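Beneath this line is the structure, given in structure tokens, with notes to follow.
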Amino acid sequence: MSGHSKWSTIKRKKAAEDARRGQTFTKLAKEIAIAAREGPDTDVNMKLRLAVDKAKAANMPKDNIERAIRRGAGLDKDASVLEEIMYEGYGPHGVALMIEVVTDNRNRAVADVRRWFNKLGGSLGESGCVAWQFEPKAYFTLPPNDLDADQVFEIAVESGADDVTFGEDMIEIFADPTEFQVVRESLQQNGLEPETAELTMLPKTTVSLDQKQAFQTMNLISALEELDDVQQVYSNLDISDELMAAFEEQD
């Protein structure tokens, strides 16, 4: 789990730069459109509400959000159809990777993903080849801010969380995806506003590599995440504090 949180942190640090390039807004618009397929009302569509909240947190313009909702709900007849695909494969040294894609061109998406796998020492696999190594989870983070650990633990568990971890930089809360909205609302009602609130895929076990090997995998993950069609990349690589610090220094 530590690898997940540290990689999420580095991605948040890149968010401002990505937003300037428009990449973040493009990906958020796709996420909103996919969620809006289940209905355009954020009061009843939890997935859409989550996507819209993420877009607002990234300062995405209201017009962009509304346009994405119309596209996904089928109200924009001129919009191309988006498709949700999960690719699976292995990075260098056997690290399992799951790549969440939203695209209007399946052939382009798979060609782009395969190109980076081939270029950086990975291999794109068949559906199901690594999915068994991950499990879907609702994931929240809180800044420590001198919070009472026992109180946070009690609030989280009573609202439906199944694991809470306390670190120097953040508190992490994990729950079944079906409990996402209940846990988030319970945290907020108790004055705890999550910095991160998302649905994710967590590895059941992790793989530890030396710095050189880990960097090869992390470079592949970064390259895949830069693709416009890629929404998220999940891996089972364990990333230590020292490894993440060294990786940040090379950029």
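In the structure tokens, the first chain shown is A, the next is B, and so on; residue numbers restart at 1 for each chain, and ligands run from 1 in the order shown.
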Problem set entry | Near-Ile69 (chain A) list (12 Å; only C-alpha atoms; drop same-chain fewer than 6 positions) as a ChimeraX atom specification | /A:28-42,45,47-49,51-52,55,62-63,75-76,79
For the residues in the current selection, export C-alpha atoms as an mmCIF file, in the first residue's frame.
data_model
loop_
_atom_site.group_PDB
_atom_site.id
_atom_site.type_symbol
_atom_site.label_atom_id
_atom_site.label_comp_id
_atom_site.auth_asym_id
_atom_site.auth_seq_id
_atom_site.Cartn_x
_atom_site.Cartn_y
_atom_site.Cartn_z
ATOM 1 C CA LEU A 28 -11.068 14.558 -16.073
ATOM 2 C CA ALA A 29 -13.531 15.291 -18.885
ATOM 3 C CA LYS A 30 -13.299 11.677 -20.031
ATOM 4 C CA GLU A 31 -13.829 10.429 -16.475
ATOM 5 C CA ILE A 32 -16.906 12.630 -16.130
ATOM 6 C CA ALA A 33 -18.289 11.502 -19.483
ATOM 7 C CA ILE A 34 -17.896 7.822 -18.634
ATOM 8 C CA ALA A 35 -19.553 8.319 -15.240
ATOM 9 C CA ALA A 36 -22.419 10.322 -16.789
ATOM 10 C CA ARG A 37 -23.486 7.266 -18.771
ATOM 11 C CA GLU A 38 -25.201 6.107 -15.582
ATOM 12 C CA GLY A 39 -27.170 9.361 -15.428
ATOM 13 C CA PRO A 40 -26.427 13.102 -15.421
ATOM 14 C CA ASP A 41 -27.660 13.781 -11.863
ATOM 15 C CA THR A 42 -24.816 14.003 -9.331
ATOM 16 C CA ASN A 45 -24.945 9.081 -9.532
ATOM 17 C CA LYS A 47 -19.508 7.900 -9.634
ATOM 18 C CA LEU A 48 -20.356 11.121 -11.470
ATOM 19 C CA ARG A 49 -20.362 13.129 -8.248
ATOM 20 C CA ALA A 51 -15.612 12.746 -10.955
ATOM 21 C CA VAL A 52 -17.138 16.233 -10.792
ATOM 22 C CA ALA A 55 -12.659 18.259 -11.593
ATOM 23 C CA LYS A 62 -17.772 24.829 -15.120
ATOM 24 C CA ASP A 63 -18.498 24.869 -18.858
ATOM 25 C CA LEU A 75 -27.141 14.765 -24.891
ATOM 26 C CA ASP A 76 -24.352 15.916 -27.232
ATOM 27 C CA ALA A 79 -19.568 13.840 -29.626
#
Problem set entry | Nearby residues (only C-alpha atoms) at most 10 Å from Glu193 (chain A), same-chain spacing under 4 positions excluded, as a ChimeraX atom specification | /A:140-143,184-189,197
Exercise. So which residues touch region 159-176 of chain A within 12 Å, counting only C-alpha atoms, skipping near sequence neighbours fewer than 5 positions away, as a ChimeraX atom specification?
Worked result: /A:1-2,4-6,8-9,135-154,181-190,192-202,241
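Reported to one decimal place, the separation of CA of Thr26 (chain A) from CA of Leu220 (chain A) is 21.1 Å.
Going from CA of Glu100 (chain A) to CA of Leu224 (chain A) covers 10.1 Å.
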For this session: Identify, on the basis of only C-alpha atoms, every residue whose closest approach to Asp228 (chain A) does not exceed 10 Å; exclude the query and any residue fewer than 4 positions from it along the same chain; express the result as a list in words.
Result: Gln23, Thr24, Thr26, Lys27, Lys30, Val101, Val102, Thr103, Ala109, Asp112 and Leu224 of chain A
For this session: Identify all residues of region 88-247 of chain A in strand (DSSP E or B) (DSSP on the backbone) and supply them as a ChimeraX atom specification.
Result: /A:88-90,96-103,123-124,134-142,161-166,171-175,196-203,207,230-235,237
